[in-house]
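Asker: What follows is a single structure, and I will ask about it in a moment.
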Amino acid sequence: MKHLVLISILGALSLTAMAQGDNSSETITISGAKTDLVHQSRPMSSDEFSQFAGSYELSNGNSLALFSRGQLKFAAVHGGAWHEIVATSSNSFIAKDKKLQMKIDRNANGEVTGELLMAVEPGQVASGDTGEHWVKLAIR
């Protein structure tokens, strides 16, 4: 029983430390942010989307995968649920369920950068707050 309590306390502390982060971290938790994810979609051909299809490393060690099935485009974070996405600009996408928003920049030297804004399910935030939470991650 003592071990269970100790493990619970250590787990809570590690989640708190991860949520707070340090100044050098590229992961930012935005608690209670009123995020407006209403965007106009724009058509994007399969050929245009193909330059973004693939897997990207995120600043928290997870990965983001963009892929298509027929004419539909999808994104998944670290093997999670597929989110159907639409283009909002020439390099930005939003999930139709409004749980993901991403911008991917392909530089002339071949380097890829960007950011992912991802909704976090209630109960996954260290503070225990059940309001709207978003995590912003860098794409490397």
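Convention: chains lettered A, B, ... in structure tokens order; per-chain residue numbering from 1; ligands numbered from 1 as shown.
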Excluding stretch 63-71 of chain A and residues on its chain fewer than 6 positions from it, collect all residues at most 8 Å away from it, counting only C-alpha atoms, and give them as a tab-separated table (two decimals) with N, CA, C and O atoms, in the first residue's frame.

Answerer:
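Writing done, so here's out.tsv:
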chain	number	residue	atom	x	y	z
A	46	SER	N	-4.05	16.55	-54.53
A	46	SER	CA	-3.25	15.44	-54.00
A	46	SER	C	-1.77	15.67	-54.24
A	46	SER	O	-0.94	15.37	-53.38
A	52	PHE	N	3.65	17.37	-48.16
A	52	PHE	CA	3.52	17.39	-46.71
A	52	PHE	C	3.33	16.00	-46.12
A	52	PHE	O	3.52	15.80	-44.92
A	53	ALA	N	2.92	15.05	-46.92
A	53	ALA	CA	2.67	13.69	-46.44
A	53	ALA	C	3.96	13.11	-45.89
A	53	ALA	O	5.04	13.29	-46.46
A	54	GLY	N	3.86	12.45	-44.76
A	54	GLY	CA	5.02	11.84	-44.13
A	54	GLY	C	4.94	11.96	-42.63
A	54	GLY	O	3.91	12.36	-42.07
A	55	SER	N	6.03	11.64	-41.97
A	55	SER	CA	6.09	11.66	-40.51
A	55	SER	C	7.04	12.75	-40.05
A	55	SER	O	8.10	12.94	-40.64
A	56	TYR	N	6.64	13.46	-39.00
A	56	TYR	CA	7.42	14.56	-38.45
A	56	TYR	C	7.68	14.32	-36.97
A	56	TYR	O	6.77	13.90	-36.24
A	57	GLU	N	8.87	14.62	-36.52
A	57	GLU	CA	9.21	14.50	-35.10
A	57	GLU	C	8.72	15.76	-34.39
A	57	GLU	O	8.93	16.88	-34.86
A	77	VAL	N	-1.39	11.71	-34.41
A	77	VAL	CA	-0.28	11.98	-33.50
A	77	VAL	C	0.10	10.70	-32.80
A	77	VAL	O	-0.74	10.07	-32.14
A	78	HIS	N	1.35	10.27	-32.98
A	78	HIS	CA	1.95	9.11	-32.31
A	78	HIS	C	1.06	7.87	-32.39
A	78	HIS	O	0.75	7.24	-31.38

Asker: For A:Gly110, work out the shell of residues within 12 Å, counting only C-alpha atoms and skipping chain neighbours fewer than 3 positions away, then give it as a ChimeraX atom specification.

Answerer: /A:51,105-107,113,140

Asker: Using only C-alpha atoms, determine which residues lie at most 7 Å from A:Arg42, disregarding the query and same-chain residues fewer than 4 positions distant; provide the list as a PyMOL selection string.

Answerer: chain A and resi 87-89

Asker: Pick the closest to A:Asn62 from A:Gly80, A:Glu48, A:Lys103, A:Asn109: which is it, counting only C-alpha atoms?

Answerer: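 Going through A:Gly80, A:Glu48, A:Lys103, A:Asn109 one by one, the smallest distance to A:Asn62 is for A:Gly80.
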
Asker: Contacts of A:Val86 at 12 Å or less, counting only C-alpha atoms, minus same-chain residues fewer than 2 places along, as a count of residues only?

Answerer: 35
